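Asker: Below are the structure tokens for one structure; questions will follow.
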Amino acid sequence: QLGNESLLDDYHRDWLYSETPVFVPIPSGSNISDIALGNQHSCAALVNGSVYCWGDNSYSQLGTEGVVYSAGSNSYSRSYSPILLSSPGQTDVIEIEAGGVHTCTIVSNGSVYCWGRNDHGQLGTPRTSQYSWVIDHQATPALVSFPAHRTATSLSMGVMHSCALLDDDSVWCWGENNDGQLGIGVSPGAYSDTDSWMRDEPHVVSGFQGSLPTF
């Protein structure tokens, strides 16, 4: 997740770290506008609107499938150096944020896209299974749906939930809700009520419209 392959050795690949800052080899001449840090992955949005990600890719949080690093007989789904996110619609990114194992962006028209792990609906798109223990994930950035004519101005990510501030000052959240982190309440029997403890589409948080929240 440090984005520098020069730190690798032949013996302790899962124990590598640096106590001092290391250079991340983003393409020469590029200026970074935003950085996002997940549990074990990192991403940078450039001034030109492109995105580079590196680190763990077990759940496609780098925005691609099959990034595999081989070391002897072992293979890993990760990238030790930045890779360009080449998905359509991700060439004009103005903000990037990362959750535990998912990533979201705002593009120039105010749309929000997310990719990575989605077992708790943290991508804001329908899960492939109703069961949270089925590890749902996707590499292709998925468009998050908000009310018509509304655009996002800011994002904030938790480990397994996401929130967006829209241009009308409303706040919308989606993903895990077992501790009420979506701001929509939670039933006493949350773990037996799937609709209460996770939401795979954005829901508005009451009481914020017009009060100018900031992330």
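Naming scheme: A, B, ... for chains in displayed order of the structure tokens; residues 1 onward per chain; ligands 1 onward as shown.
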Applying 9 Å and only C-alpha atoms, which residues near Met160 in chain A remain after dropping the ones on its own chain fewer than 4 positions away? List them as a short mmCIF file (atom, residue, chain, number, x, y, z; two decimals) with N, CA and C atoms, in the first residue's frame.
Answerer:
data_model
loop_
_atom_site.label_atom_id
_atom_site.label_comp_id
_atom_site.auth_asym_id
_atom_site.auth_seq_id
_atom_site.Cartn_x
_atom_site.Cartn_y
_atom_site.Cartn_z
N GLY A 99 -12.98 3.45 1.53
CA GLY A 99 -13.43 2.81 2.75
C GLY A 99 -12.46 1.70 3.11
N GLY A 100 -12.92 0.72 3.87
CA GLY A 100 -12.04 -0.38 4.22
C GLY A 100 -11.50 -1.09 3.01
N VAL A 101 -12.41 -1.59 2.17
CA VAL A 101 -12.01 -2.31 0.95
C VAL A 101 -12.88 -1.89 -0.23
N HIS A 102 -13.27 -0.63 -0.25
CA HIS A 102 -13.99 -0.10 -1.41
C HIS A 102 -13.53 1.33 -1.67
N ARG A 117 -15.42 -4.05 -2.60
CA ARG A 117 -16.26 -4.99 -1.84
C ARG A 117 -17.65 -4.40 -1.64
N ASN A 118 -18.67 -5.29 -1.71
CA ASN A 118 -20.05 -4.81 -1.65
C ASN A 118 -20.94 -5.71 -0.81
N ASP A 119 -20.36 -6.49 0.11
CA ASP A 119 -21.18 -7.44 0.87
C ASP A 119 -22.15 -6.76 1.82
N HIS A 120 -21.92 -5.49 2.16
CA HIS A 120 -22.84 -4.74 2.99
C HIS A 120 -23.48 -3.58 2.23
N GLY A 121 -23.41 -3.64 0.90
CA GLY A 121 -24.03 -2.61 0.09
C GLY A 121 -23.26 -1.31 0.05
N GLN A 122 -21.97 -1.35 0.42
CA GLN A 122 -21.19 -0.12 0.53
C GLN A 122 -20.89 0.55 -0.80
N TRP A 174 -25.21 4.91 2.60
CA TRP A 174 -25.52 3.53 2.21
C TRP A 174 -24.45 2.60 2.75
N GLY A 175 -24.79 1.30 2.86
CA GLY A 175 -23.84 0.30 3.35
C GLY A 175 -24.26 -0.28 4.68
N GLU A 176 -23.29 -0.62 5.52
CA GLU A 176 -23.57 -1.26 6.81
C GLU A 176 -24.24 -0.28 7.77
N ASN A 177 -25.19 -0.83 8.56
CA ASN A 177 -25.95 0.02 9.48
C ASN A 177 -26.17 -0.65 10.82
#
Asker: Closest to Gly38 in chain A among A:Asp200, A:Asp56, A:Asp169, A:Asp136, using only C-alpha atoms?
Answerer: A:Asp56
Asker: Can you list, as an mmCIF file with all heavy atoms, in the first residue's frame, every protein, DNA or RNA residue that comes within 9 Å of Leu85 in chain A when you count only C-alpha atoms, leaving out same-chain residues fewer than 5 positions away?
Answerer:
data_model
loop_
_atom_site.group_PDB
_atom_site.id
_atom_site.type_symbol
_atom_site.label_atom_id
_atom_site.label_comp_id
_atom_site.auth_asym_id
_atom_site.auth_seq_id
_atom_site.Cartn_x
_atom_site.Cartn_y
_atom_site.Cartn_z
ATOM 1 N N SER A 50 -7.430 11.686 -13.992
ATOM 2 C CA SER A 50 -7.187 10.246 -13.973
ATOM 3 C C SER A 50 -6.942 9.764 -12.549
ATOM 4 O O SER A 50 -6.705 10.553 -11.632
ATOM 5 C CB SER A 50 -6.001 9.893 -14.874
ATOM 6 O OG SER A 50 -4.823 10.524 -14.416
ATOM 7 N N VAL A 51 -6.999 8.436 -12.359
ATOM 8 C CA VAL A 51 -6.853 7.825 -11.034
ATOM 9 C C VAL A 51 -5.827 6.700 -11.094
ATOM 10 O O VAL A 51 -5.846 5.876 -12.020
ATOM 11 C CB VAL A 51 -8.204 7.271 -10.530
ATOM 12 C CG1 VAL A 51 -8.020 6.407 -9.289
ATOM 13 C CG2 VAL A 51 -9.160 8.412 -10.227
ATOM 14 N N TYR A 52 -4.962 6.654 -10.101
ATOM 15 C CA TYR A 52 -4.025 5.548 -9.923
ATOM 16 C C TYR A 52 -4.258 4.924 -8.549
ATOM 17 O O TYR A 52 -4.474 5.641 -7.565
ATOM 18 C CB TYR A 52 -2.573 6.029 -10.012
ATOM 19 C CG TYR A 52 -2.119 6.319 -11.422
ATOM 20 C CD1 TYR A 52 -2.426 7.525 -12.032
ATOM 21 C CD2 TYR A 52 -1.378 5.382 -12.140
ATOM 22 C CE1 TYR A 52 -2.014 7.800 -13.331
ATOM 23 C CE2 TYR A 52 -0.964 5.642 -13.437
ATOM 24 C CZ TYR A 52 -1.279 6.854 -14.025
ATOM 25 O OH TYR A 52 -0.876 7.105 -15.319
ATOM 26 N N CYS A 53 -4.222 3.588 -8.486
ATOM 27 C CA CYS A 53 -4.394 2.879 -7.220
ATOM 28 C C CYS A 53 -3.312 1.819 -7.062
ATOM 29 O O CYS A 53 -2.773 1.313 -8.051
ATOM 30 C CB CYS A 53 -5.771 2.217 -7.147
ATOM 31 S SG CYS A 53 -7.178 3.369 -7.090
ATOM 32 N N LEU A 62 -8.910 -1.901 -6.307
ATOM 33 C CA LEU A 62 -8.056 -1.097 -7.178
ATOM 34 C C LEU A 62 -8.749 -0.750 -8.487
ATOM 35 O O LEU A 62 -8.190 -0.041 -9.323
ATOM 36 C CB LEU A 62 -6.740 -1.828 -7.488
ATOM 37 C CG LEU A 62 -5.881 -2.236 -6.285
ATOM 38 C CD1 LEU A 62 -4.545 -2.782 -6.769
ATOM 39 C CD2 LEU A 62 -5.678 -1.094 -5.307
ATOM 40 N N GLY A 63 -9.964 -1.266 -8.673
ATOM 41 C CA GLY A 63 -10.710 -0.962 -9.887
ATOM 42 C C GLY A 63 -10.343 -1.833 -11.058
ATOM 43 O O GLY A 63 -10.554 -1.451 -12.214
ATOM 44 N N THR A 64 -9.805 -2.995 -10.793
ATOM 45 C CA THR A 64 -9.437 -3.929 -11.858
ATOM 46 C C THR A 64 -9.472 -5.353 -11.314
ATOM 47 O O THR A 64 -9.404 -5.561 -10.101
ATOM 48 C CB THR A 64 -8.034 -3.613 -12.417
ATOM 49 O OG1 THR A 64 -7.773 -4.438 -13.546
ATOM 50 C CG2 THR A 64 -6.963 -3.847 -11.365
ATOM 51 N N GLN A 90 -14.157 7.379 -15.686
ATOM 52 C CA GLN A 90 -13.231 7.704 -14.609
ATOM 53 C C GLN A 90 -12.029 8.484 -15.123
ATOM 54 O O GLN A 90 -10.905 8.303 -14.670
ATOM 55 C CB GLN A 90 -12.791 6.416 -13.915
ATOM 56 C CG GLN A 90 -13.907 5.649 -13.246
ATOM 57 C CD GLN A 90 -14.598 6.453 -12.155
ATOM 58 O OE1 GLN A 90 -13.974 6.859 -11.183
ATOM 59 N NE2 GLN A 90 -15.893 6.709 -12.305
ATOM 60 N N THR A 91 -12.267 9.344 -16.078
ATOM 61 C CA THR A 91 -11.195 10.159 -16.647
ATOM 62 C C THR A 91 -11.299 11.621 -16.234
ATOM 63 O O THR A 91 -10.463 12.433 -16.627
ATOM 64 C CB THR A 91 -11.208 10.069 -18.189
ATOM 65 O OG1 THR A 91 -12.491 10.504 -18.661
ATOM 66 C CG2 THR A 91 -10.967 8.635 -18.637
#
Asker: Just the residues within 9 Å of Leu166 in chain A, please, counting only C-alpha atoms, with nothing from its chain fewer than 6 positions along; format it as a VMD selection string.
Answerer: chain A and resid 110 146 150 to 154 172
Asker: Grab the residues selected above and save them as a CSV table (one decimal), in the first residue's frame with C-alpha atoms.
Answerer:
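This went into part05.csv:
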chain,number,residue,atom,x,y,z
A,110,GLY,CA,-21.2,15.5,-9.9
A,146,PHE,CA,-29.4,9.9,-6.3
A,150,ARG,CA,-29.0,16.2,-7.8
A,151,THR,CA,-25.2,16.1,-7.8
A,152,ALA,CA,-22.6,15.2,-5.2
A,153,THR,CA,-20.2,17.8,-3.8
A,154,SER,CA,-18.3,15.7,-1.2
A,172,TRP,CA,-27.2,10.4,1.7
Asker: Extract the full set of alpha helix (DSSP H) residues from range 18-203 of chain A according to DSSP on the backbone, and format it as a list in words.
Answerer: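 Selection result, alpha helix (DSSP H) within range 18-203 of chain A: Thr194, Asp195, Ser196 and Trp197 of chain A.
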Asker: Create the file for the chosen residues now, containing N, CA, C and O atoms and written as a PDB file, in the first residue's frame.
Answerer:
ATOM      1  N   THR A 194     -32.406  -7.675   7.744  1.00  0.00           N
ATOM      2  CA  THR A 194     -31.386  -7.257   6.786  1.00  0.00           C
ATOM      3  C   THR A 194     -31.604  -5.841   6.300  1.00  0.00           C
ATOM      4  O   THR A 194     -30.660  -5.063   6.134  1.00  0.00           O
ATOM      5  N   ASP A 195     -32.861  -5.431   6.104  1.00  0.00           N
ATOM      6  CA  ASP A 195     -33.151  -4.101   5.575  1.00  0.00           C
ATOM      7  C   ASP A 195     -32.784  -3.010   6.568  1.00  0.00           C
ATOM      8  O   ASP A 195     -32.543  -1.881   6.195  1.00  0.00           O
ATOM      9  N   SER A 196     -32.713  -3.360   7.865  1.00  0.00           N
ATOM     10  CA  SER A 196     -32.384  -2.376   8.881  1.00  0.00           C
ATOM     11  C   SER A 196     -30.876  -2.212   9.056  1.00  0.00           C
ATOM     12  O   SER A 196     -30.392  -1.119   9.263  1.00  0.00           O
ATOM     13  N   TRP A 197     -30.116  -3.304   8.980  1.00  0.00           N
ATOM     14  CA  TRP A 197     -28.692  -3.190   9.300  1.00  0.00           C
ATOM     15  C   TRP A 197     -27.777  -3.104   8.089  1.00  0.00           C
ATOM     16  O   TRP A 197     -26.559  -3.015   8.250  1.00  0.00           O
TER      17      TRP A 197
END
